[in-house]
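Structure file final.cif (mmCIF, C-alpha atoms) follows.
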data_data
#
loop_
_atom_site.label_atom_id
_atom_site.label_comp_id
_atom_site.auth_asym_id
_atom_site.auth_seq_id
_atom_site.Cartn_x
_atom_site.Cartn_y
_atom_site.Cartn_z
CA MET F 26 -72.84 81.07 -63.89
CA GLU F 27 -71.34 79.82 -67.15
CA MET F 28 -68.89 77.89 -65.02
CA LEU F 29 -71.57 76.13 -63.00
CA ARG F 30 -73.39 75.30 -66.21
CA ALA F 31 -70.29 73.66 -67.66
CA ILE F 32 -69.89 71.50 -64.55
CA ALA F 33 -73.61 70.71 -64.41
CA ILE F 34 -73.46 69.43 -68.00
CA GLY F 35 -70.62 67.11 -67.04
CA LEU F 36 -72.23 65.83 -63.84
CA PRO F 37 -74.65 63.24 -65.33
CA LEU F 38 -71.84 61.59 -67.30
CA THR F 39 -69.63 61.37 -64.22
CA VAL F 40 -72.47 59.64 -62.35
CA LEU F 41 -73.31 57.43 -65.34
CA VAL F 42 -69.72 56.27 -65.86
CA THR F 43 -69.30 55.56 -62.14
CA VAL F 44 -72.57 53.62 -61.79
CA LEU F 45 -72.12 51.56 -64.97
CA ALA F 46 -68.48 50.75 -64.20
CA LEU F 47 -69.46 49.71 -60.67
CA MET F 48 -72.19 47.44 -62.03
CA ILE F 49 -69.89 45.84 -64.62
CA GLY F 50 -67.18 45.49 -61.98
CA THR F 51 -69.49 43.85 -59.45
CA VAL F 52 -70.83 41.32 -61.94
CA LEU F 53 -67.43 40.44 -63.42
CA ALA F 54 -65.88 40.19 -59.96
CA LEU F 55 -68.02 37.16 -59.07
CA PRO F 56 -66.47 34.64 -61.51
CA ILE F 57 -63.01 36.03 -60.65
CA VAL F 58 -63.64 35.41 -56.93
CA ALA F 59 -64.73 31.88 -57.78
CA GLY F 60 -61.43 31.47 -59.64
CA LEU F 61 -59.40 32.91 -56.78
CA ARG F 62 -61.04 30.47 -54.37
CA SER F 63 -60.80 27.53 -56.72
CA ARG F 64 -58.82 24.40 -55.75
CA ASN F 65 -57.99 23.87 -59.43
CA ARG F 66 -54.43 25.27 -59.66
CA ILE F 67 -54.74 26.36 -63.29
CA LEU F 68 -58.01 28.19 -62.70
CA TRP F 69 -56.50 29.81 -59.63
CA LEU F 70 -53.33 30.87 -61.45
CA VAL F 71 -55.28 32.35 -64.36
CA SER F 72 -57.50 34.41 -62.05
CA ARG F 73 -54.52 35.48 -59.93
CA LEU F 74 -52.61 36.67 -63.02
CA LEU F 75 -55.70 38.42 -64.34
CA VAL F 76 -56.23 40.32 -61.09
CA ASP F 77 -52.56 41.29 -60.80
CA LEU F 78 -52.41 42.44 -64.41
CA LEU F 79 -55.64 44.43 -64.22
CA ARG F 80 -54.47 46.14 -61.04
CA GLY F 81 -50.84 46.52 -62.10
CA VAL F 82 -51.55 48.57 -65.21
CA PRO F 83 -52.89 52.11 -64.67
CA PRO F 84 -56.55 52.63 -65.69
CA VAL F 85 -55.60 55.25 -68.32
CA VAL F 86 -53.62 52.60 -70.19
CA TRP F 87 -56.63 50.25 -70.25
CA LEU F 88 -58.86 53.04 -71.52
CA PHE F 89 -56.36 53.92 -74.26
CA ILE F 90 -55.99 50.29 -75.28
CA LEU F 91 -59.76 49.91 -75.53
CA TYR F 92 -60.37 53.24 -77.22
CA TYR F 93 -57.48 53.52 -79.68
CA GLY F 94 -56.33 49.95 -79.92
CA VAL F 95 -59.37 47.74 -80.22
CA SER F 96 -61.24 47.48 -83.46
CA ILE F 97 -63.43 44.49 -84.18
CA GLY F 98 -63.81 44.58 -87.94
CA ALA F 99 -64.92 48.10 -88.68
CA ILE F 100 -66.47 48.57 -85.26
CA ARG F 101 -64.69 50.77 -82.77
CA LEU F 102 -65.79 51.49 -79.24
CA THR F 103 -67.12 54.97 -78.52
CA ALA F 104 -65.38 56.98 -75.83
CA LEU F 105 -68.18 56.30 -73.36
CA GLN F 106 -68.20 52.56 -74.08
CA ALA F 107 -64.43 52.32 -73.78
CA GLY F 108 -64.45 54.37 -70.58
CA VAL F 109 -67.18 52.36 -68.89
CA LEU F 110 -65.77 49.02 -70.00
CA GLY F 111 -62.17 49.89 -69.05
CA LEU F 112 -63.03 51.22 -65.62
CA GLY F 113 -65.46 48.34 -65.11
CA VAL F 114 -62.87 45.69 -65.85
CA VAL F 115 -60.31 47.30 -63.54
CA ALA F 116 -63.01 47.62 -60.88
CA ALA F 117 -63.75 43.89 -61.24
CA ALA F 118 -60.18 43.06 -60.20
CA TYR F 119 -60.24 45.33 -57.15
CA LEU F 120 -63.73 44.17 -56.14
CA ALA F 121 -62.75 40.51 -56.56
CA GLU F 122 -60.00 41.05 -53.97
CA ILE F 123 -62.46 42.84 -51.67
CA PHE F 124 -65.01 40.03 -51.98
CA ARG F 125 -62.37 37.37 -51.45
CA GLY F 126 -61.18 39.11 -48.30
CA ALA F 127 -64.74 39.37 -47.00
CA ILE F 128 -65.49 35.69 -47.67
CA SER F 129 -62.31 34.54 -45.95
CA SER F 130 -63.18 36.68 -42.92
CA ILE F 131 -66.22 34.46 -42.25
CA PRO F 132 -65.29 32.10 -39.38
CA LYS F 133 -64.62 28.50 -40.39
CA GLY F 134 -67.20 27.31 -37.90
CA GLN F 135 -69.95 28.72 -40.11
CA TRP F 136 -68.90 26.39 -42.94
CA GLU F 137 -68.45 23.42 -40.65
CA ALA F 138 -71.78 23.96 -38.94
CA SER F 139 -73.62 24.27 -42.25
CA SER F 140 -72.14 21.07 -43.59
CA ALA F 141 -72.80 19.32 -40.26
CA LEU F 142 -76.45 20.36 -40.59
CA GLY F 143 -76.48 18.94 -44.11
CA PHE F 144 -77.39 22.14 -45.95
CA HIS F 145 -77.23 22.14 -49.72
CA ARG F 146 -74.37 24.22 -51.18
CA ALA F 147 -76.78 26.68 -52.74
CA THR F 148 -78.49 27.17 -49.39
CA VAL F 149 -75.17 27.64 -47.61
CA TRP F 150 -74.27 30.46 -50.01
CA SER F 151 -77.67 32.12 -50.13
CA ARG F 152 -78.65 31.86 -46.47
CA ILE F 153 -75.46 31.57 -44.42
CA ILE F 154 -72.24 32.71 -46.09
CA GLY F 155 -73.79 35.18 -48.54
CA PRO F 156 -75.52 37.47 -46.04
CA GLN F 157 -72.52 37.53 -43.71
CA THR F 158 -70.22 38.33 -46.62
CA ALA F 159 -72.50 41.16 -47.72
CA ARG F 160 -72.23 42.65 -44.26
CA ALA F 161 -68.45 42.34 -44.16
CA VAL F 162 -68.10 43.81 -47.63
CA VAL F 163 -70.05 47.05 -47.15
CA PRO F 164 -67.32 49.37 -45.76
CA ALA F 165 -64.67 48.36 -48.31
CA TYR F 166 -67.20 48.35 -51.15
CA THR F 167 -68.35 51.91 -50.51
CA THR F 168 -64.78 53.14 -50.05
CA PHE F 169 -64.04 51.61 -53.42
CA ALA F 170 -67.14 53.21 -54.96
CA ILE F 171 -65.97 56.64 -53.76
CA GLY F 172 -62.56 55.95 -55.31
CA LEU F 173 -64.24 54.90 -58.54
CA LEU F 174 -66.23 58.15 -58.58
CA LYS F 175 -62.92 60.00 -58.63
CA ASP F 176 -61.37 57.58 -61.13
CA SER F 177 -64.28 58.17 -63.51
CA SER F 178 -62.51 61.48 -64.24
CA ILE F 179 -59.93 59.42 -66.15
CA ALA F 180 -62.58 58.91 -68.84
CA SER F 181 -62.06 62.58 -69.73
CA SER F 182 -58.71 61.57 -71.23
CA ILE F 183 -60.45 59.78 -74.10
CA GLY F 184 -63.00 62.54 -74.51
CA VAL F 185 -65.97 61.56 -72.35
CA ALA F 186 -67.51 64.95 -71.56
CA GLU F 187 -67.77 64.51 -67.79
CA ILE F 188 -66.96 67.01 -65.05
CA VAL F 189 -63.19 67.23 -65.53
CA PHE F 190 -63.48 67.37 -69.32
CA MET F 191 -66.01 70.20 -69.12
CA SER F 192 -64.04 72.11 -66.46
CA SER F 193 -60.83 71.81 -68.40
CA GLN F 194 -62.52 73.07 -71.55
CA TYR F 195 -64.05 75.96 -69.61
CA ALA F 196 -60.72 76.82 -67.98
CA ARG F 197 -58.98 77.09 -71.32
CA GLN F 198 -61.71 79.30 -72.79
CA SER F 199 -62.41 81.64 -69.94
CA GLY F 200 -59.29 82.25 -67.89
CA GLU F 201 -60.99 81.36 -64.61
CA GLY F 202 -58.97 78.20 -64.26
CA ILE F 203 -58.43 78.24 -60.54
CA MET F 204 -62.05 78.74 -59.58
CA VAL F 205 -63.50 76.15 -61.93
CA PHE F 206 -61.17 73.39 -60.73
CA PHE F 207 -61.87 74.19 -57.09
CA VAL F 208 -65.60 74.03 -57.80
CA ALA F 209 -65.08 70.72 -59.63
CA ALA F 210 -63.11 69.42 -56.63
CA GLY F 211 -65.96 70.56 -54.39
CA VAL F 212 -68.52 68.72 -56.51
CA TYR F 213 -66.57 65.46 -56.19
CA ILE F 214 -66.30 65.91 -52.43
CA ILE F 215 -70.02 66.69 -52.16
CA LEU F 216 -70.89 63.65 -54.30
CA SER F 217 -68.87 61.35 -52.07
CA VAL F 218 -70.53 62.53 -48.84
CA PRO F 219 -73.88 60.75 -49.45
CA LEU F 220 -71.97 57.57 -50.40
CA GLY F 221 -70.13 57.73 -47.10
CA LEU F 222 -73.36 58.31 -45.18
CA LEU F 223 -75.06 55.44 -47.02
CA SER F 224 -72.16 53.18 -46.08
CA ARG F 225 -72.44 54.04 -42.41
CA HIS F 226 -76.23 53.63 -42.50
CA LEU F 227 -75.99 50.20 -44.14
CA ASP F 228 -73.28 49.14 -41.74
CA VAL F 229 -75.33 50.09 -38.68
CA LYS F 230 -78.47 48.49 -40.10
CA MET F 231 -76.74 45.23 -40.96
CA ARG F 232 -74.99 45.08 -37.61
CA LYS F 233 -78.37 45.38 -35.90
CA ALA F 234 -79.77 42.56 -38.00
CA VAL F 235 -77.24 40.14 -36.54
CA ALA F 236 -78.04 38.55 -33.24
CA ARG F 237 -74.96 38.11 -31.10
CA MET V 13 -47.04 39.26 -81.97
CA ASN V 14 -44.29 40.00 -84.48
CA ASN V 15 -45.56 43.51 -84.63
CA LEU V 16 -45.28 43.77 -80.84
CA VAL V 17 -41.61 42.72 -80.92
CA ASP V 18 -40.82 45.14 -83.76
CA VAL V 19 -42.42 48.03 -81.93
CA ALA V 20 -40.66 47.04 -78.69
CA ILE V 21 -37.26 47.03 -80.40
CA GLN V 22 -37.83 50.23 -82.31
CA TYR V 23 -39.48 52.35 -79.64
CA GLY V 24 -38.25 50.60 -76.50
CA PRO V 25 -35.61 53.26 -75.70
CA THR V 26 -38.12 56.13 -76.02
CA LEU V 27 -40.63 54.33 -73.80
CA PHE V 28 -37.86 53.58 -71.34
CA ASP V 29 -36.99 57.28 -71.14
CA GLY V 30 -40.65 57.93 -70.40
CA LEU V 31 -40.58 55.32 -67.65
CA LYS V 32 -37.61 57.10 -66.07
CA VAL V 33 -39.61 60.35 -66.01
CA SER V 34 -42.57 58.51 -64.44
CA LEU V 35 -40.31 57.05 -61.76
CA SER V 36 -38.62 60.36 -60.97
CA LEU V 37 -42.01 62.07 -60.75
CA THR V 38 -43.09 59.37 -58.27
CA LEU V 39 -39.94 59.73 -56.18
CA LEU V 40 -40.09 63.55 -56.14
CA SER V 41 -43.74 63.54 -55.08
CA LEU V 42 -42.96 61.06 -52.31
CA ALA V 43 -39.90 63.05 -51.19
CA PHE V 44 -41.97 66.23 -50.79
CA GLY V 45 -45.31 64.67 -49.94
CA LEU V 46 -44.40 62.28 -47.14
CA PRO V 47 -42.82 64.90 -44.80
CA LEU V 48 -45.80 67.18 -45.50
CA GLY V 49 -48.10 64.25 -44.75
CA LEU V 50 -46.41 63.81 -41.38
CA VAL V 51 -47.02 67.50 -40.63
CA PHE V 52 -50.69 67.29 -41.68
CA ALA V 53 -51.13 64.10 -39.65
CA PHE V 54 -50.53 66.18 -36.56
CA GLY V 55 -52.17 69.25 -38.08
CA VAL V 56 -55.66 67.80 -38.35
CA THR V 57 -55.81 67.32 -34.57
CA ALA V 58 -53.74 70.38 -33.59
CA HIS V 59 -54.97 72.92 -31.01
CA ASN V 60 -53.91 75.90 -33.10
CA ARG V 61 -57.00 76.70 -35.12
CA THR V 62 -55.36 78.17 -38.25
CA PHE V 63 -52.98 75.25 -38.50
CA ARG V 64 -55.81 72.76 -37.99
CA TYR V 65 -58.14 74.34 -40.57
CA LEU V 66 -55.35 74.58 -43.12
CA SER V 67 -54.41 70.94 -42.59
CA VAL V 68 -58.02 69.78 -42.83
CA PHE V 69 -58.44 71.79 -46.04
CA PHE V 70 -55.37 70.30 -47.68
CA VAL V 71 -56.14 66.76 -46.53
CA GLU V 72 -59.82 66.81 -47.49
CA VAL V 73 -59.34 68.43 -50.90
CA GLY V 74 -56.28 66.29 -51.64
CA ARG V 75 -58.20 63.11 -50.89
CA GLY V 76 -61.62 64.17 -52.10
CA ALA V 77 -60.66 65.57 -55.49
CA PRO V 78 -59.43 63.34 -58.32
CA ALA V 79 -55.70 63.65 -59.02
CA LEU V 80 -56.62 64.76 -62.53
CA VAL V 81 -58.39 67.84 -61.15
CA LEU V 82 -55.36 68.81 -59.07
CA LEU V 83 -53.04 68.30 -62.05
CA GLN V 84 -55.12 70.49 -64.29
CA LEU V 85 -55.58 73.06 -61.53
CA MET V 86 -51.83 73.46 -61.27
CA TYR V 87 -51.19 73.48 -65.01
CA TYR V 88 -54.17 75.29 -66.53
CA GLY V 89 -55.39 77.11 -63.41
CA LEU V 90 -52.35 78.71 -61.81
CA PRO V 91 -51.35 80.73 -64.92
CA ASN V 92 -54.54 82.74 -64.35
CA ALA V 93 -53.01 83.90 -61.08
CA ASP V 94 -49.81 84.78 -62.98
CA ILE V 95 -48.00 81.72 -61.67
CA THR V 96 -46.76 79.72 -64.61
CA LEU V 97 -44.99 76.47 -63.79
CA SER V 98 -43.38 74.01 -66.14
CA SER V 99 -45.41 70.88 -66.78
CA MET V 100 -43.08 68.79 -64.63
CA ALA V 101 -43.22 71.28 -61.74
CA SER V 102 -47.00 71.55 -61.83
CA ALA V 103 -47.41 67.76 -61.99
CA CYS V 104 -45.00 67.40 -59.10
CA LEU V 105 -46.90 69.99 -57.06
CA ALA V 106 -50.25 68.31 -57.71
CA LEU V 107 -49.03 64.81 -56.90
CA THR V 108 -47.22 66.11 -53.81
CA TRP V 109 -50.57 67.43 -52.62
CA THR V 110 -52.23 64.05 -53.24
CA THR V 111 -49.38 62.23 -51.49
CA ALA V 112 -49.44 64.56 -48.50
CA ALA V 113 -53.21 64.20 -48.10
CA TYR V 114 -53.34 60.40 -48.33
CA SER V 115 -50.19 59.79 -46.31
CA ALA V 116 -51.45 62.17 -43.59
CA GLU V 117 -54.41 59.87 -42.99
CA LEU V 118 -52.29 56.70 -43.17
CA ILE V 119 -49.67 58.11 -40.79
CA ARG V 120 -52.37 59.38 -38.41
CA GLY V 121 -53.86 55.89 -38.37
CA GLY V 122 -50.43 54.44 -37.60
CA ILE V 123 -49.74 56.94 -34.83
CA GLN V 124 -53.13 56.39 -33.23
CA SER V 125 -52.51 52.68 -33.03
CA VAL V 126 -49.39 53.22 -30.90
CA PRO V 127 -50.57 52.00 -27.47
CA PRO V 128 -51.24 54.85 -24.98
CA GLY V 129 -49.01 53.03 -22.49
CA GLU V 130 -46.01 54.03 -24.60
CA VAL V 131 -46.81 57.72 -24.13
CA GLU V 132 -47.54 57.24 -20.42
CA GLY V 133 -44.31 55.30 -20.07
CA SER V 134 -42.18 58.00 -21.63
CA HIS V 135 -44.01 60.56 -19.51
CA ALA V 136 -43.20 58.58 -16.38
CA LEU V 137 -39.56 58.47 -17.44
CA GLY V 138 -39.56 62.26 -17.57
CA MET V 139 -39.24 62.59 -21.33
CA SER V 140 -40.33 65.89 -22.84
CA TYR V 141 -43.36 65.79 -25.13
CA ARG V 142 -41.14 66.52 -28.11
CA ASP V 143 -38.73 63.68 -27.32
CA CYS V 144 -41.65 61.34 -26.75
CA LEU V 145 -42.94 62.10 -30.25
CA ARG V 146 -39.51 62.01 -31.84
CA PHE V 147 -38.20 58.81 -30.25
CA VAL V 148 -41.28 56.85 -29.20
CA VAL V 149 -44.50 57.68 -31.02
CA ILE V 150 -43.42 58.65 -34.54
CA PRO V 151 -41.01 55.75 -35.16
CA GLN V 152 -43.59 53.18 -34.05
CA GLY V 153 -46.43 54.93 -35.86
CA LEU V 154 -44.48 55.08 -39.12
CA ARG V 155 -43.58 51.43 -38.75
CA ILE V 156 -47.25 50.50 -38.45
CA ALA V 157 -48.13 52.77 -41.39
CA LEU V 158 -45.29 51.51 -43.61
CA PRO V 159 -47.10 48.72 -45.53
CA SER V 160 -50.05 50.96 -46.40
CA LEU V 161 -47.69 53.78 -47.37
CA MET V 162 -45.92 51.36 -49.71
CA GLY V 163 -49.28 50.38 -51.16
CA PHE V 164 -50.04 54.05 -51.70
CA ALA V 165 -46.68 54.58 -53.43
CA VAL V 166 -47.69 51.95 -56.00
CA LEU V 167 -50.97 53.78 -56.66
CA LEU V 168 -49.04 57.05 -56.93
CA PHE V 169 -46.74 55.51 -59.52
CA GLN V 170 -49.81 54.51 -61.50
CA ALA V 171 -51.29 57.99 -61.03
CA THR V 172 -48.24 59.56 -62.70
CA SER V 173 -49.72 58.20 -65.93
CA LEU V 174 -52.31 61.00 -65.61
CA ALA V 175 -49.52 63.57 -65.90
CA TYR V 176 -49.55 63.00 -69.64
CA SER V 177 -52.63 65.31 -69.66
CA VAL V 178 -50.41 68.21 -68.60
CA ALA V 179 -47.71 67.39 -71.15
CA VAL V 180 -45.13 65.77 -68.86
CA PRO V 181 -43.03 63.54 -71.14
CA GLU V 182 -43.62 60.43 -69.03
CA LEU V 183 -44.33 56.89 -70.21
CA MET V 184 -47.96 57.41 -71.18
CA SER V 185 -47.37 60.56 -73.21
CA GLN V 186 -44.40 58.96 -74.99
CA ALA V 187 -46.61 55.99 -75.83
CA TYR V 188 -49.37 58.27 -77.05
CA SER V 189 -47.10 60.31 -79.28
CA ILE V 190 -45.55 57.17 -80.79
CA GLY V 191 -49.05 55.80 -81.28
CA SER V 192 -50.39 58.87 -83.01
CA SER V 193 -47.42 59.18 -85.35
CA THR V 194 -47.28 55.50 -86.36
CA PHE V 195 -50.92 54.37 -85.79
CA GLN V 196 -49.49 51.37 -83.95
CA TYR V 197 -51.66 52.19 -80.95
CA LEU V 198 -52.34 48.69 -79.69
CA PRO V 199 -48.76 47.34 -79.52
CA VAL V 200 -47.39 50.58 -78.07
CA PHE V 201 -50.01 50.76 -75.33
CA ILE V 202 -49.57 47.07 -74.53
CA ILE V 203 -45.83 47.56 -74.09
CA ALA V 204 -46.41 50.68 -71.97
CA GLY V 205 -48.89 48.72 -69.85
CA LEU V 206 -46.40 45.89 -69.38
CA LEU V 207 -43.73 48.39 -68.29
CA TYR V 208 -46.12 49.80 -65.67
CA ALA V 209 -47.02 46.28 -64.55
CA ALA V 210 -43.37 45.26 -64.38
CA ILE V 211 -42.84 47.88 -61.68
CA SER V 212 -46.14 47.97 -59.83
CA ILE V 213 -46.78 44.22 -59.48
CA PRO V 214 -43.44 43.41 -57.76
CA ALA V 215 -43.83 46.59 -55.68
CA THR V 216 -47.23 45.33 -54.50
CA TRP V 217 -45.68 42.00 -53.54
CA LEU V 218 -43.05 43.93 -51.59
CA SER V 219 -45.72 45.82 -49.63
CA VAL V 220 -47.54 42.57 -48.83
CA TYR V 221 -44.21 41.07 -47.70
CA ALA V 222 -43.51 44.13 -45.53
CA GLU V 223 -46.92 43.79 -43.91
CA ARG V 224 -46.25 40.14 -43.12
CA MET V 225 -42.79 40.87 -41.69
CA LEU V 226 -43.99 43.76 -39.54
CA SER V 227 -47.02 41.96 -38.14
CA ARG V 228 -45.00 38.81 -37.37
CA HIS V 229 -44.56 39.61 -33.69
CA LEU V 230 -48.00 41.08 -33.08
#

Step by step, read the file and then write its structure as structure tokens.
Amino acid sequence: MEMLRAIAIGLPLTVLVTVLALMIGTVLALPIVAGLRSRNRILWLVSRLLVDLLRGVPPVVWLFILYYGVSIGAIRLTALQAGVLGLGVVAAAYLAEIFRGAISSIPKGQWEASSALGFHRATVWSRIIGPQTARAVVPAYTTFAIGLLKDSSIASSIGVAEIVFMSSQYARQSGEGIMVFFVAAGVYIILSVPLGLLSRHLDVKMRKAVAR
Amino acid sequence: MNNLVDVAIQYGPTLFDGLKVSLSLTLLSLAFGLPLGLVFAFGVTAHNRTFRYLSVFFVEVGRGAPALVLLQLMYYGLPNADITLSSMASACLALTWTTAAYSAELIRGGIQSVPPGEVEGSHALGMSYRDCLRFVVIPQGLRIALPSLMGFAVLLFQATSLAYSVAVPELMSQAYSIGSSTFQYLPVFIIAGLLYAAISIPATWLSVYAERMLSRHL
């Protein structure tokens, strides 16, 4: 019972870190995608280097840099802030690649047809390319979200009291180390099931919305 | 910037030793995990029920649970069952599990994309089932799976940084101990990050290159 309580206390923080990091990642990914698609070589190079660097360094290192290394004046980030920000920034790089792939999977004819019909650029994005990209992005996006759910456990390394942090603490106190980690593993698996179902549901729904 | 260079010169060798541990942990986990992954790839669709359930258990838990949970399970959990492993051995065991689980799915995907005509062809030529797997299906399946396996190896290398939490003296834990004794956290972590990037970025390029080379004739 004690064990379940420990994990239950950690659960909201796991969900919070995952959701916030996903939101930060999604928002920051948009300017990066614009950079990756830019014809300006400098802008392109900067975004390319940024994505490679963010993905090439393990998330733990980013969290440690933000948590131990960054101090703006006397202000230091709290563990939760550093965790969310670090995971969010890394997520932005991965999501930017996912978005870029989805956009480039849209057939060229869609662009040509929209410019032939004289649509405004904003309209092209909001009514033609945007919706098709959203559809193409769903499977990869949800797979990434499930990965991020598991990566949120890395925040335990800087002391965010989420599931792994709580389980590890419990294991060291109680001597039921095997059980608690299996239960923790089970919780992660159970949490990712609804995400998988949601992905399939969205995919089916969006496929239906397209007339072929 | 000056500070960064000073720290790099002074602690470079220690960090480099850590990097060697990270790399050997990666290679060991791949050496044990990939063959196991091949076994599980067939296990999850096997007719033998015990074998199938065991494979599904290992694959689903290995993929569904964060690597950090598996690491701590092996290091803090197993001693409760009177199995005490060194930190390196427990990290290796945990990452082998992760590798086996992920590579099982990647290899299964590769094997399934071998055209059925290949199997029918070898059947028509009178090959035994075993020979068909050994000489026809597995080589082609692995070839298809190779780029994604290389991509996974890069992620595994990055995941070894989590082994610092079970006291493996790899790059991250070296960086952390230097940081906490000198309070030069920022430069040390930046150098550690650059060392990780120096390996994983070129390795990613290599996997992209492999994908391009292998799909050239498709």

(request) Determine the residue membership of the PyMOL selection byres ((chain V and resi 106) around 12) for the file above and supply it as a PyMOL selection string. (result) chain V and resi 37-38+40-42+44-45+70+73-75+77-90+97+99-105+107-113+168+171-172+174-175+178

(message) On this structure, the PyMOL selection byres ((chain F) within 8 of (chain V)) would catch which residues? List them as a PyMOL selection string, sorted by chain and number.
(response) chain F and resi 77-78+81-83+85-87+89-90+93-95+175-176+178-179+182+189+193+196-197+200-204+206-207+209-211+213-214+217

(message) Please expand the PyMOL selection byres ((chain F and resi 169) around 12) into the concrete residues it hits in this file, giving the result as a ChimeraX atom specification.
(response) /F:43,46-47,50-51,115-124,162-168,170-176,217,220-221,224

(request) Quote the spacing between atom CA of Met48 of chain F and atom CA of Arg152 of chain F in Å to one decimal place. (result)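 Separating atom CA of Met48 of chain F from atom CA of Arg152 of chain F is a distance of 22.9 Å.
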
(message) Can you measure atom CA of Ala53 of chain V to atom CA of Ser67 of chain V for me? One decimal in Å is fine.
(response) 8.1 Å

(request) Kindly give the distance, in Å, that separates atom CA of Val76 of chain F and atom CA of Val114 of chain F, rounded to a single decimal. (result)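 Computed distance, atom CA of Val76 of chain F to atom CA of Val114 of chain F, equals 9.8 Å.
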